[in-house]
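Source file: target.cif; contents: mmCIF, C-alpha atoms and all ligand atoms.
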```
data_final
#
loop_
_atom_site.label_atom_id
_atom_site.label_comp_id
_atom_site.auth_asym_id
_atom_site.auth_seq_id
_atom_site.Cartn_x
_atom_site.Cartn_y
_atom_site.Cartn_z
CA MET A 27 0.00 0.00 0.00
CA SER A 28 1.32 3.49 -0.81
CA THR A 29 2.30 5.87 1.97
CA GLU A 30 -0.40 8.36 0.83
CA LYS A 31 -3.11 5.75 1.30
CA ARG A 32 -1.73 4.81 4.72
CA LYS A 33 -1.78 8.45 5.82
CA ALA A 34 -5.47 8.69 4.95
CA LEU A 35 -6.37 6.02 7.49
CA PRO A 36 -7.77 7.28 10.81
CA SER A 37 -5.35 7.03 13.70
CA ARG A 38 -5.37 3.60 15.24
CA ALA A 39 -3.84 4.80 18.47
CA ALA A 40 -6.05 4.73 21.58
CA ASN A 41 -8.10 7.86 22.25
CA ARG A 42 -6.02 8.62 25.32
CA MET A 43 -3.05 9.28 23.03
CA THR A 44 -4.71 12.41 21.62
CA GLN A 45 -3.80 14.17 24.87
CA ILE A 46 -0.14 13.23 24.71
CA ARG A 47 2.32 15.35 22.76
CA SER A 48 5.98 14.65 22.27
CA SER A 49 8.19 17.18 24.00
CA GLY A 50 8.45 20.70 22.57
CA LEU A 51 12.20 20.33 23.05
CA ARG A 52 12.33 18.53 19.70
CA LYS A 53 12.39 21.85 17.87
CA LEU A 54 15.30 23.05 19.99
CA PHE A 55 17.27 19.83 19.56
CA ASP A 56 16.73 19.94 15.77
CA LEU A 57 18.05 23.50 15.72
CA GLU A 58 21.00 22.40 17.91
CA GLU A 59 21.87 19.66 15.43
CA LYS A 60 21.65 22.08 12.49
CA ILE A 61 23.84 24.69 14.21
CA SER A 62 26.43 22.12 15.33
CA LYS A 63 26.99 21.19 11.68
CA THR A 64 27.77 24.71 10.54
CA SER A 65 29.28 26.42 13.59
CA SER A 66 32.99 26.63 14.28
CA GLN A 67 32.29 26.75 18.03
CA ASN A 68 31.28 23.65 20.02
CA ILE A 69 27.78 23.61 21.49
CA LEU A 70 27.66 24.02 25.28
CA SER A 71 24.55 22.28 26.59
CA PHE A 72 22.84 23.27 29.82
CA GLY A 73 19.87 21.32 28.47
CA LEU A 74 20.32 17.84 29.86
CA GLY A 75 18.84 16.52 33.12
CA ASN A 76 21.73 14.06 33.27
CA ILE A 77 24.98 14.03 35.28
CA ASN A 78 28.40 13.29 33.78
CA ILE A 79 30.30 12.86 37.05
CA PRO A 80 31.54 9.33 37.70
CA VAL A 81 31.09 8.23 41.33
CA MET A 82 30.90 4.72 40.08
CA GLN A 83 34.36 3.15 40.21
CA GLU A 84 33.96 1.38 43.57
CA ILE A 85 30.49 0.25 42.60
CA ILE A 86 31.53 -1.02 39.18
CA GLU A 87 34.42 -3.10 40.54
CA GLN A 88 32.15 -4.95 42.97
CA LEU A 89 29.44 -5.32 40.35
CA LYS A 90 31.87 -6.98 37.92
CA THR A 91 32.61 -9.65 40.53
CA ALA A 92 28.90 -10.14 41.23
CA LEU A 93 28.22 -10.66 37.53
CA ASP A 94 30.45 -13.74 37.44
CA ASP A 95 27.85 -15.50 39.54
CA PRO A 96 25.11 -16.93 37.24
CA THR A 97 22.44 -16.34 39.90
CA SER A 98 22.80 -12.66 39.10
CA HIS A 99 21.48 -13.27 35.57
CA ARG A 100 17.94 -14.22 36.57
CA TYR A 101 14.60 -12.57 37.31
CA THR A 102 14.31 -11.27 40.85
CA PRO A 103 11.25 -11.34 43.13
CA ASN A 104 8.69 -8.82 41.83
CA ALA A 105 9.41 -6.35 44.59
CA GLY A 106 13.18 -6.53 44.06
CA ILE A 107 16.04 -8.42 45.70
CA LEU A 108 15.59 -8.67 49.43
CA GLU A 109 19.13 -7.43 50.16
CA LEU A 110 18.39 -4.14 48.38
CA ARG A 111 15.05 -3.68 50.13
CA GLU A 112 16.76 -4.39 53.46
CA VAL A 113 19.39 -1.70 52.93
CA LEU A 114 16.72 0.72 51.71
CA ALA A 115 14.66 0.05 54.86
CA SER A 116 17.67 0.72 57.10
CA ARG A 117 18.58 3.84 55.15
CA TYR A 118 15.09 5.34 55.58
CA ALA A 119 15.25 4.42 59.29
CA SER A 120 18.64 6.07 59.83
CA ALA A 121 18.17 9.10 57.56
CA TYR A 122 14.54 9.94 58.33
CA GLY A 123 13.50 7.84 61.33
CA LEU A 124 10.95 6.00 59.16
CA ASP A 125 10.14 2.39 59.91
CA TYR A 126 9.39 0.64 56.59
CA SER A 127 9.36 -3.15 56.39
CA THR A 128 10.82 -4.77 53.26
CA ASP A 129 7.21 -5.60 52.22
CA GLN A 130 6.50 -1.89 51.97
CA ILE A 131 9.17 -1.33 49.33
CA VAL A 132 8.94 -2.04 45.60
CA VAL A 133 12.07 -1.65 43.46
CA THR A 134 11.28 -0.27 40.00
CA SER A 135 12.96 0.73 36.73
CA GLY A 136 13.73 4.26 37.88
CA CYS A 137 11.39 6.86 39.37
CA LEU A 138 9.57 6.97 36.07
CA GLU A 139 8.27 3.41 36.39
CA ALA A 140 7.49 4.00 40.06
CA LEU A 141 5.46 7.08 39.10
CA ILE A 142 3.39 5.48 36.37
CA ASP A 143 2.77 2.35 38.47
CA THR A 144 1.49 4.63 41.22
CA PHE A 145 -0.76 6.66 38.91
CA ILE A 146 -2.21 3.50 37.29
CA ALA A 147 -2.83 2.02 40.73
CA LEU A 148 -4.58 5.09 42.15
CA ILE A 149 -6.21 7.18 39.45
CA ASP A 150 -9.68 6.59 38.01
CA PRO A 151 -10.80 8.47 34.89
CA GLY A 152 -11.87 11.97 35.87
CA ASP A 153 -9.89 12.06 39.12
CA GLU A 154 -8.07 15.33 39.65
CA VAL A 155 -4.36 15.31 40.48
CA LEU A 156 -2.67 18.47 41.75
CA VAL A 157 0.74 19.13 40.23
CA HIS A 158 2.75 22.23 41.01
CA ASP A 159 3.68 24.56 38.17
CA PRO A 160 6.48 24.76 37.08
CA THR A 161 7.24 21.06 37.33
CA PHE A 162 8.84 18.04 35.67
CA GLY A 163 6.87 17.48 32.45
CA TYR A 164 6.45 13.70 32.73
CA TYR A 165 3.86 13.90 35.51
CA ALA A 166 1.18 15.51 33.34
CA CYS A 167 1.58 13.00 30.50
CA GLN A 168 1.60 9.99 32.82
CA ILE A 169 -1.49 11.24 34.69
CA LYS A 170 -3.34 11.85 31.41
CA LEU A 171 -2.41 8.35 30.20
CA CYS A 172 -4.30 7.08 33.25
CA GLY A 173 -7.38 9.21 32.46
CA GLY A 174 -6.65 11.68 35.26
CA LYS A 175 -7.10 15.44 35.08
CA VAL A 176 -4.03 17.53 35.83
CA ILE A 177 -4.71 20.57 38.02
CA PRO A 178 -1.72 22.95 38.07
CA VAL A 179 -0.94 24.72 41.34
CA PRO A 180 1.40 27.71 40.87
CA LEU A 181 4.56 27.89 42.97
CA ASN A 182 5.23 31.20 44.74
CA GLU A 183 7.87 33.73 43.59
CA LYS A 184 10.61 31.75 45.38
CA PHE A 185 9.42 28.57 43.67
CA GLU A 186 8.14 27.07 46.89
CA LEU A 187 4.67 25.56 47.22
CA ASP A 188 2.30 27.33 49.62
CA ALA A 189 -0.13 25.14 51.56
CA GLU A 190 -2.75 27.82 50.95
CA ALA A 191 -2.46 27.35 47.17
CA VAL A 192 -2.90 23.58 47.62
CA LYS A 193 -5.97 24.16 49.77
CA GLU A 194 -7.54 26.42 47.16
CA ALA A 195 -7.02 23.83 44.41
CA ILE A 196 -8.60 20.89 46.27
CA THR A 197 -12.10 19.87 45.13
CA SER A 198 -14.29 16.84 45.83
CA LYS A 199 -12.60 15.15 42.85
CA THR A 200 -9.00 15.61 44.02
CA LYS A 201 -7.32 12.25 44.45
CA ALA A 202 -3.65 13.08 44.84
CA LEU A 203 -1.02 15.79 45.06
CA VAL A 204 2.37 15.33 43.40
CA LEU A 205 5.29 16.99 45.19
CA ASN A 206 8.81 17.32 43.78
CA PHE A 207 11.35 18.97 46.07
CA PRO A 208 14.24 19.53 45.47
CA CYS A 209 12.45 20.66 42.35
CA ASN A 210 13.11 20.10 38.67
CA PRO A 211 13.25 22.66 36.97
CA THR A 212 13.87 25.26 39.70
CA GLY A 213 16.29 23.66 42.17
CA SER A 214 14.10 25.10 44.95
CA VAL A 215 13.55 23.20 48.20
CA LEU A 216 11.03 23.25 51.07
CA SER A 217 11.65 23.80 54.77
CA PRO A 218 10.38 21.12 57.20
CA ASN A 219 7.60 23.49 58.20
CA GLN A 220 6.47 24.10 54.62
CA THR A 221 6.46 20.35 53.96
CA ARG A 222 4.41 19.85 57.13
CA GLU A 223 1.80 22.43 56.17
CA ILE A 224 1.40 21.03 52.66
CA VAL A 225 1.18 17.39 53.70
CA GLU A 226 -1.25 18.17 56.52
CA THR A 227 -3.44 20.22 54.18
CA ALA A 228 -3.62 17.30 51.72
CA THR A 229 -4.17 14.66 54.39
CA ASP A 230 -6.93 16.68 56.10
CA SER A 231 -8.83 16.66 52.77
CA GLY A 232 -8.25 12.97 52.07
CA VAL A 233 -5.79 13.73 49.26
CA ILE A 234 -2.91 11.25 48.85
CA VAL A 235 0.58 12.78 48.62
CA ILE A 236 2.94 11.32 46.00
CA SER A 237 6.38 12.70 46.77
CA ASP A 238 8.99 12.38 44.02
CA GLU A 239 12.26 12.81 45.92
CA ALA A 240 14.61 11.98 43.04
CA TYR A 241 16.96 14.82 44.07
CA GLU A 242 16.87 14.24 47.85
CA GLY A 243 20.62 13.52 47.86
CA ILE A 244 21.62 16.74 46.10
CA THR A 245 21.32 19.79 48.35
CA TYR A 246 23.65 22.74 49.12
CA GLU A 247 24.63 25.19 51.86
CA GLY A 248 23.68 22.73 54.60
CA HIS A 249 20.05 22.34 53.52
CA LYS A 250 18.67 19.10 54.98
CA HIS A 251 15.96 17.38 52.97
CA THR A 252 12.72 16.47 54.73
CA CYS A 253 11.14 13.26 53.47
CA ALA A 254 7.41 13.99 53.14
CA ALA A 255 6.63 10.67 54.88
CA GLU A 256 8.25 12.06 58.05
CA ILE A 257 5.12 14.21 58.28
CA ASP A 258 2.56 11.54 57.50
CA TYR A 259 3.75 8.01 57.07
CA GLU A 260 0.22 6.68 56.32
CA ASN A 261 -0.77 9.11 53.59
CA VAL A 262 2.50 9.76 51.73
CA ILE A 263 3.91 7.63 48.94
CA VAL A 264 7.66 8.21 48.60
CA ILE A 265 9.31 7.72 45.22
CA SER A 266 13.02 8.03 44.64
CA SER A 267 15.91 6.50 42.73
CA PHE A 268 19.64 6.05 42.36
CA SER A 269 19.73 8.08 39.13
CA LYS A 270 20.73 11.46 40.50
CA THR A 271 22.04 10.73 43.99
CA TYR A 272 24.57 8.18 42.71
CA CYS A 273 24.93 9.37 39.08
CA MET A 274 23.30 6.10 37.95
CA THR A 275 20.77 7.44 35.44
CA GLY A 276 21.45 4.63 32.93
CA PHE A 277 21.02 1.87 35.50
CA ARG A 278 17.29 2.62 35.76
CA ILE A 279 16.77 1.74 39.41
CA GLY A 280 14.17 3.46 41.56
CA TYR A 281 11.71 2.48 44.26
CA VAL A 282 8.42 3.23 46.00
CA LEU A 283 7.81 3.19 49.74
CA ALA A 284 4.29 3.31 51.12
CA ASN A 285 1.98 1.96 53.79
CA PRO A 286 0.59 -1.57 53.16
CA ASP A 287 -2.78 -0.36 51.74
CA LEU A 288 -1.12 1.83 49.16
CA ILE A 289 1.88 -0.33 48.27
CA ALA A 290 -0.30 -3.40 47.51
CA PRO A 291 -1.97 -2.04 44.32
CA ILE A 292 1.25 -0.35 43.20
CA SER A 293 3.13 -3.62 43.61
CA LEU A 294 0.50 -5.41 41.52
CA VAL A 295 0.81 -2.90 38.66
CA HIS A 296 4.59 -3.22 38.82
CA GLN A 297 4.28 -7.02 38.60
CA TYR A 298 2.25 -6.84 35.37
CA ASN A 299 4.28 -3.95 34.01
CA THR A 300 7.87 -5.20 34.23
CA ALA A 301 7.81 -8.28 36.55
CA CYS A 302 10.96 -6.95 38.18
CA ALA A 303 13.67 -4.39 37.71
CA ASN A 304 16.96 -5.41 36.09
CA ARG A 305 18.89 -7.67 38.50
CA PRO A 306 22.48 -6.48 37.85
CA ALA A 307 21.31 -2.89 38.30
CA GLN A 308 19.63 -3.84 41.60
CA ILE A 309 22.93 -5.37 42.74
CA ALA A 310 24.76 -2.17 41.79
CA ALA A 311 22.18 -0.14 43.73
CA ARG A 312 22.68 -2.33 46.79
CA ILE A 313 26.46 -1.87 46.54
CA ALA A 314 25.98 1.91 46.20
CA LEU A 315 23.83 2.11 49.32
CA GLN A 316 26.21 -0.04 51.34
CA SER A 317 29.26 1.97 50.30
CA PRO A 318 30.55 4.68 52.64
CA PRO A 319 28.73 7.98 52.05
CA SER A 320 32.14 9.48 51.14
CA ILE A 321 31.88 7.95 47.63
CA ARG A 322 29.58 10.91 46.89
CA ASP A 323 31.89 13.61 48.28
CA GLY A 324 33.72 14.29 45.01
CA MET A 325 30.47 14.51 43.08
CA MET A 326 28.94 16.96 45.56
CA GLU A 327 32.10 19.10 45.58
CA GLU A 328 32.05 19.25 41.80
CA LEU A 329 28.33 20.09 41.65
CA THR A 330 28.80 22.80 44.27
CA GLN A 331 31.56 24.43 42.20
CA ARG A 332 29.50 24.16 39.01
CA ARG A 333 26.49 25.66 40.76
CA GLY A 334 28.56 28.70 41.79
CA GLU A 335 29.97 29.14 38.28
CA THR A 336 26.53 28.76 36.67
CA ILE A 337 24.88 31.30 38.96
CA LYS A 338 27.76 33.72 38.29
CA ALA A 339 27.65 33.24 34.50
CA PHE A 340 23.91 33.83 34.13
CA SER A 341 23.58 36.55 36.81
CA SER A 342 26.29 38.62 35.09
CA ILE A 343 24.05 39.24 32.08
CA ASP A 344 21.87 42.36 32.18
CA GLY A 345 18.22 41.41 32.12
CA ILE A 346 18.66 37.91 33.60
CA GLU A 347 17.37 37.67 37.14
CA LEU A 348 17.72 34.95 39.75
CA ASN A 349 15.78 36.25 42.73
CA TYR A 350 15.64 33.09 44.86
CA LYS A 351 18.19 30.56 46.16
CA PRO A 352 18.27 27.25 44.29
CA LEU A 353 19.39 24.95 47.13
CA GLY A 354 18.85 21.57 45.50
CA ALA A 355 19.19 19.42 42.37
CA PHE A 356 21.47 20.76 39.61
CA TYR A 357 19.29 23.41 38.02
CA ILE A 358 18.80 27.15 38.21
CA TYR A 359 15.68 28.79 36.78
CA PRO A 360 16.31 32.47 36.05
CA ASN A 361 13.84 34.97 34.62
CA VAL A 362 15.06 36.40 31.29
CA LYS A 363 12.26 38.90 30.67
CA GLY A 364 14.66 41.82 31.24
CA THR A 365 16.49 40.87 28.03
CA GLY A 366 13.34 41.71 26.08
CA MET A 367 12.71 38.04 25.27
CA ASP A 368 10.55 35.31 26.79
CA GLY A 369 12.06 31.94 27.70
CA SER A 370 11.52 30.41 24.25
CA GLU A 371 12.87 33.40 22.35
CA PHE A 372 15.87 33.58 24.66
CA SER A 373 16.62 29.85 24.26
CA GLU A 374 16.56 30.18 20.49
CA PHE A 375 18.63 33.37 20.64
CA ILE A 376 21.52 31.99 22.71
CA LEU A 377 21.58 28.79 20.71
CA LYS A 378 21.93 30.75 17.47
CA ASN A 379 24.26 33.45 18.79
CA CYS A 380 26.32 31.77 21.54
CA GLN A 381 25.92 28.07 20.70
CA ILE A 382 24.51 27.52 24.20
CA VAL A 383 21.54 25.26 24.97
CA VAL A 384 19.06 26.01 27.77
CA VAL A 385 15.45 24.81 28.13
CA PRO A 386 12.53 27.30 27.89
CA GLY A 387 10.17 27.53 30.87
CA MET A 388 7.17 26.59 28.74
CA GLU A 389 8.39 22.97 28.93
CA PHE A 390 7.55 22.95 32.63
CA GLY A 391 4.07 24.46 32.71
CA THR A 392 2.24 27.63 31.80
CA THR A 393 3.06 30.02 34.65
CA THR A 394 6.79 30.67 34.08
CA THR A 395 7.24 31.14 30.36
CA ASN A 396 9.71 34.00 30.98
CA HIS A 397 12.15 31.61 32.63
CA ILE A 398 14.77 29.19 31.38
CA ARG A 399 16.04 25.99 32.98
CA VAL A 400 19.80 25.82 33.17
CA SER A 401 21.24 22.41 34.09
CA TYR A 402 24.84 22.16 35.27
CA GLY A 403 24.77 18.37 35.40
CA PHE A 404 26.65 17.86 32.16
CA LEU A 405 29.09 20.76 31.72
CA ASN A 406 32.40 21.01 33.56
CA GLN A 407 33.53 24.24 35.25
CA THR A 408 35.71 25.38 32.36
CA ASP A 409 32.83 24.99 29.91
CA ILE A 410 30.51 26.89 32.23
CA GLN A 411 33.04 29.77 32.40
CA GLU A 412 33.36 29.66 28.62
CA ALA A 413 29.56 29.89 28.34
CA GLY A 414 29.63 32.92 30.65
CA ASN A 415 32.23 34.63 28.42
CA ARG A 416 30.27 33.90 25.26
CA MET A 417 27.12 35.40 26.79
CA LEU A 418 28.98 38.47 28.07
CA ASN A 419 30.48 39.11 24.62
CA CYS A 420 27.15 38.63 22.95
CA PHE A 421 24.88 40.59 25.30
CA ASN A 422 27.25 43.41 26.15
CA SER A 423 28.07 44.19 22.55
C1 LIG B 501 11.78 15.20 39.09
C2 LIG B 501 12.25 13.98 38.39
N1 LIG B 501 11.69 12.81 38.69
C3 LIG B 501 12.08 11.69 38.08
C4 LIG B 501 13.05 11.70 37.10
C5 LIG B 501 13.44 10.42 36.43
O1 LIG B 501 14.15 9.66 37.35
P1 LIG B 501 14.65 8.19 37.02
O2 LIG B 501 15.89 8.30 36.21
O3 LIG B 501 14.87 7.61 38.37
O4 LIG B 501 13.54 7.50 36.29
C6 LIG B 501 13.65 12.91 36.74
C7 LIG B 501 14.67 12.95 35.67
O5 LIG B 501 15.11 13.95 35.21
C8 LIG B 501 13.24 14.07 37.40
O6 LIG B 501 13.79 15.26 37.11
#
```

Would you write the structure of this file as structure tokens?
Ligand SMILES: Cc1ncc(COP(=O)(O)O)c(C=O)c1O
Amino acid sequence: MSTEKRKALPSRAANRMTQIRSSGLRKLFDLEEKISKTSSQNILSFGLGNINIPVMQEIIEQLKTALDDPTSHRYTPNAGILELREVLASRYASAYGLDYSTDQIVVTSGCLEALIDTFIALIDPGDEVLVHDPTFGYYACQIKLCGGKVIPVPLNEKFELDAEAVKEAITSKTKALVLNFPCNPTGSVLSPNQTREIVETATDSGVIVISDEAYEGITYEGHKHTCAAEIDYENVIVISSFSKTYCMTGFRIGYVLANPDLIAPISLVHQYNTACANRPAQIAARIALQSPPSIRDGMMEELTQRRGETIKAFSSIDGIELNYKPLGAFYIYPNVKGTGMDGSEFSEFILKNCQIVVVPGMEFGTTTTNHIRVSYGFLNQTDIQEAGNRMLNCFNS
């Protein structure tokens, strides 16, 4: 059959797919590819939510030995290898004083699997799910795939979530609230008190809290992360992973912790979704957690330096404003309105004129389109300084 005839056929995708769009970043990446072919300068990308710092050597050596044992080549129990769930349980006990049994933990293929398992397990068509804005774009698509309705709740000017805003957004149809602090894209964090007020507001209205704590291990200037389950162990589902904290994005290992009522349906979805997470990656995750915390020192020192350089580079440009303190993750989220451009125009402008990639705020919701997300996960300090010089030359001339 000719391609023309094929195109004339109605879409055979499920109706739910009409609500799902591929990321708007495509246009930017296409432009990046085009420019990289013709430009004499290399492209400096603050676009990726990935880290290029190896903390892995100790982990890899032990993993290589483990792989010689054929038992490490098999499926694992659905919930994950017991040894990993045991070390996770002791970590949550020592770090947050939370008493999870190994039956309350399901190991997944990254946070992303944990998130969609949770949404499938909890959301009925028409249920409303509160998601702060700006936020990580995957939540909205995953919620829509489950038939849920996304209700954006704006963050305040410091990119924190106010309990009052949550309260205002709750209706009789609200099923869950998704929290993500430290936050992608802003790098903002919450104080223990703010977390308390938000969780209590949700719990008082019967709204389940789904807390994506993917960046819990990356905080600065002494900020101590509060796990949302410290506030309400019964009503909070905690999701996290090894991707960011241990620079293990490609290993795809995450997990969910919840009370027995909530973990049971999530565990069932996980069983029919993937059966189990990849065994060698679970072994690597166990080794990571059992290693001395100092294996992360070099990574945190490097990220701290990069954060300083990135803030300096972008704050030196007239019209770019960073009026809050990003104390977590590896992102800053400045407002570029003072340059006379919105976030999308600015992103296109510095790609064309400075060969620098940043992500426009419109990728993270509708309330902060004058902002850009700048990730320092993948550029070393020299490249960040070089980016600063390119911008200075470009904007000051
Ligand atoms: C907020 C947030 N949650 C989850 C993920 C994905 O995590 P994982 O690699 O564990 O699936 C990301 C990745 O960028 C993220 O920013």

Closest atom pairs, chain A residues within 10 Å of ligand LIG 501 (chain B), only C-alpha atoms and all ligand atoms, as CSV:
```
residue,atom,partner,partner_atom,distance
A:Leu74,CA,B:LIG501,O5,8.4
A:Gly75,CA,B:LIG501,O5,5.0
A:Asn76,CA,B:LIG501,O5,6.9
A:Ile77,CA,B:LIG501,O5,9.9
A:Thr134,CA,B:LIG501,O3,8.8
A:Ser135,CA,B:LIG501,O4,6.8
A:Gly136,CA,B:LIG501,O3,3.6
A:Cys137,CA,B:LIG501,O3,3.7
A:Leu138,CA,B:LIG501,O4,4.0
A:Glu139,CA,B:LIG501,O4,6.7
A:Ala140,CA,B:LIG501,O4,7.9
A:Leu141,CA,B:LIG501,C3,8.1
A:Thr161,CA,B:LIG501,C1,7.6
A:Phe162,CA,B:LIG501,C1,5.3
A:Gly163,CA,B:LIG501,C1,8.6
A:Tyr164,CA,B:LIG501,N1,8.0
A:Tyr165,CA,B:LIG501,N1,8.5
A:Leu205,CA,B:LIG501,C1,9.1
A:Asn206,CA,B:LIG501,C1,5.9
A:Phe207,CA,B:LIG501,C1,7.9
A:Pro208,CA,B:LIG501,C1,8.1
A:Cys209,CA,B:LIG501,C1,6.4
A:Asn210,CA,B:LIG501,C1,5.1
A:Pro211,CA,B:LIG501,O6,7.4
A:Ser237,CA,B:LIG501,N1,9.7
A:Asp238,CA,B:LIG501,N1,6.0
A:Glu239,CA,B:LIG501,C1,7.3
A:Ala240,CA,B:LIG501,N1,5.3
A:Tyr241,CA,B:LIG501,C1,7.2
A:Ile265,CA,B:LIG501,N1,8.6
A:Ser266,CA,B:LIG501,O3,6.6
A:Ser267,CA,B:LIG501,O3,4.6
A:Phe268,CA,B:LIG501,O3,6.4
A:Ser269,CA,B:LIG501,O2,4.8
A:Lys270,CA,B:LIG501,O2,7.2
A:Thr271,CA,B:LIG501,O3,9.6
A:Cys273,CA,B:LIG501,O2,9.5
A:Met274,CA,B:LIG501,O2,7.9
A:Thr275,CA,B:LIG501,O2,5.0
A:Gly276,CA,B:LIG501,O2,7.4
A:Phe277,CA,B:LIG501,O2,8.3
A:Arg278,CA,B:LIG501,O2,5.9
A:Ile279,CA,B:LIG501,O3,6.3
A:Gly280,CA,B:LIG501,O3,5.3
A:Tyr281,CA,B:LIG501,O3,8.4
A:Ala355,CA,B:LIG501,O6,8.6
A:Phe356,CA,B:LIG501,O6,9.8
A:Tyr357,CA,B:LIG501,O6,9.9
```

- What does the distance from atom CA of A:Thr330 to atom CA of A:Ala254 come to in Å, to one decimal? 24.8 Å

- Query: Suppose you want the space between atom CA of A:Asp129 and atom CA of A:Tyr259; what is it in Å?
  - Reply: 14.9 Å

- Item | Among listed residues A:Val400, A:Leu315, A:Ile169, A:Asp153, nearest A:Val233 (using only C-alpha atoms) |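 So, comparing all the options, the nearest one is A:Asp153.
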
- Task: For each of A:Met388, A:Ala303, A:Cys380, A:Leu418, take the minimum atom-to-atom distance to A:Ala339, counting all atoms listed in the file, then give the residue where this is smallest.
- Result: A:Leu418

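The shortest atom-to-atom distance to A:His158, with all atoms listed in the file taken into account, belongs to A:Thr393 out of A:Asn41, A:Ser217, A:Thr393, A:Gln297.
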
- Task: Tell me, in Å to one decimal, how far atom CA of A:Ala228 is from atom CA of A:Asp287.
- Result: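 Going from atom CA of A:Ala228 over to atom CA of A:Asp287 covers 17.7 Å.
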
- Query: Quick one: residues within 6 Å of stretch 190-204 of chain A, only C-alpha atoms counted, chain neighbours fewer than 5 positions away excluded, as a ChimeraX atom specification?
  - Reply: /A:153-157,233-237

For the residues in the current selection, export C-alpha atoms as a tab-separated table (two decimals), in the coordinates of the input.
```tsv
chain	number	residue	atom	x	y	z
A	153	ASP	CA	-9.89	12.06	39.12
A	154	GLU	CA	-8.07	15.33	39.65
A	155	VAL	CA	-4.36	15.31	40.48
A	156	LEU	CA	-2.67	18.47	41.75
A	157	VAL	CA	0.74	19.13	40.23
A	233	VAL	CA	-5.79	13.73	49.26
A	234	ILE	CA	-2.91	11.25	48.85
A	235	VAL	CA	0.58	12.78	48.62
A	236	ILE	CA	2.94	11.32	46.00
A	237	SER	CA	6.38	12.70	46.77
```

- Item | Which of A:Val282, A:Leu57, A:Ile398, A:Val215 sits closest to A:Ser373 [using all atoms listed in the file] |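 Among the listed residues, the smallest separation from A:Ser373 belongs to A:Ile398.
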
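Among A:Ser120, A:Thr91, A:Ser49, A:Asn78, the residue with the shortest atom-to-atom distance to A:Ser401, counting only C-alpha atoms, is A:Asn78.
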
- Nearest to A:Leu171 among A:Arg42, A:His99, A:Arg47, A:Arg117, with distances taken over only C-alpha atoms: which residue is it?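 Smallest separation from A:Leu171 among the options: A:Arg42.
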
- Item | Surrounding residues of A:Asn361 excluding itself and chain neighbours under 3 positions, 7 Å, all atoms listed in the file, as a PyMOL selection string | chain A and resi 346-348+396-398

Filled-in N, CA, C and O atoms of stretch 178-187 of chain A, supplied as a PDB file, in the coordinates of the input:
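What follows is the written file selection34.pdb:
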```pdb
ATOM      1  N   PRO A 178      -2.971  22.283  37.691  1.00  0.00           N
ATOM      2  CA  PRO A 178      -1.720  22.950  38.070  1.00  0.00           C
ATOM      3  C   PRO A 178      -1.902  23.861  39.283  1.00  0.00           C
ATOM      4  O   PRO A 178      -2.918  24.546  39.392  1.00  0.00           O
ATOM      5  N   VAL A 179      -0.930  23.830  40.179  1.00  0.00           N
ATOM      6  CA  VAL A 179      -0.940  24.720  41.340  1.00  0.00           C
ATOM      7  C   VAL A 179       0.338  25.565  41.268  1.00  0.00           C
ATOM      8  O   VAL A 179       1.447  25.020  41.341  1.00  0.00           O
ATOM      9  N   PRO A 180       0.190  26.890  41.071  1.00  0.00           N
ATOM     10  CA  PRO A 180       1.400  27.710  40.870  1.00  0.00           C
ATOM     11  C   PRO A 180       2.296  27.720  42.101  1.00  0.00           C
ATOM     12  O   PRO A 180       1.811  27.778  43.233  1.00  0.00           O
ATOM     13  N   LEU A 181       3.604  27.682  41.887  1.00  0.00           N
ATOM     14  CA  LEU A 181       4.560  27.890  42.970  1.00  0.00           C
ATOM     15  C   LEU A 181       4.629  29.390  43.257  1.00  0.00           C
ATOM     16  O   LEU A 181       4.270  30.209  42.394  1.00  0.00           O
ATOM     17  N   ASN A 182       5.104  29.769  44.442  1.00  0.00           N
ATOM     18  CA  ASN A 182       5.230  31.200  44.740  1.00  0.00           C
ATOM     19  C   ASN A 182       6.477  31.790  44.069  1.00  0.00           C
ATOM     20  O   ASN A 182       7.183  31.086  43.350  1.00  0.00           O
ATOM     21  N   GLU A 183       6.774  33.066  44.331  1.00  0.00           N
ATOM     22  CA  GLU A 183       7.870  33.730  43.590  1.00  0.00           C
ATOM     23  C   GLU A 183       9.249  33.146  43.919  1.00  0.00           C
ATOM     24  O   GLU A 183      10.198  33.319  43.173  1.00  0.00           O
ATOM     25  N   LYS A 184       9.337  32.411  45.067  1.00  0.00           N
ATOM     26  CA  LYS A 184      10.610  31.750  45.380  1.00  0.00           C
ATOM     27  C   LYS A 184      10.586  30.287  44.940  1.00  0.00           C
ATOM     28  O   LYS A 184      11.412  29.479  45.365  1.00  0.00           O
ATOM     29  N   PHE A 185       9.594  29.938  44.172  1.00  0.00           N
ATOM     30  CA  PHE A 185       9.420  28.570  43.670  1.00  0.00           C
ATOM     31  C   PHE A 185       9.237  27.546  44.787  1.00  0.00           C
ATOM     32  O   PHE A 185       9.694  26.411  44.707  1.00  0.00           O
ATOM     33  N   GLU A 186       8.547  28.002  45.843  1.00  0.00           N
ATOM     34  CA  GLU A 186       8.140  27.070  46.890  1.00  0.00           C
ATOM     35  C   GLU A 186       6.637  26.882  46.736  1.00  0.00           C
ATOM     36  O   GLU A 186       5.961  27.705  46.117  1.00  0.00           O
ATOM     37  N   LEU A 187       6.117  25.799  47.311  1.00  0.00           N
ATOM     38  CA  LEU A 187       4.670  25.560  47.220  1.00  0.00           C
ATOM     39  C   LEU A 187       4.029  26.019  48.528  1.00  0.00           C
ATOM     40  O   LEU A 187       4.457  25.598  49.609  1.00  0.00           O
TER      41      LEU A 187
END
```
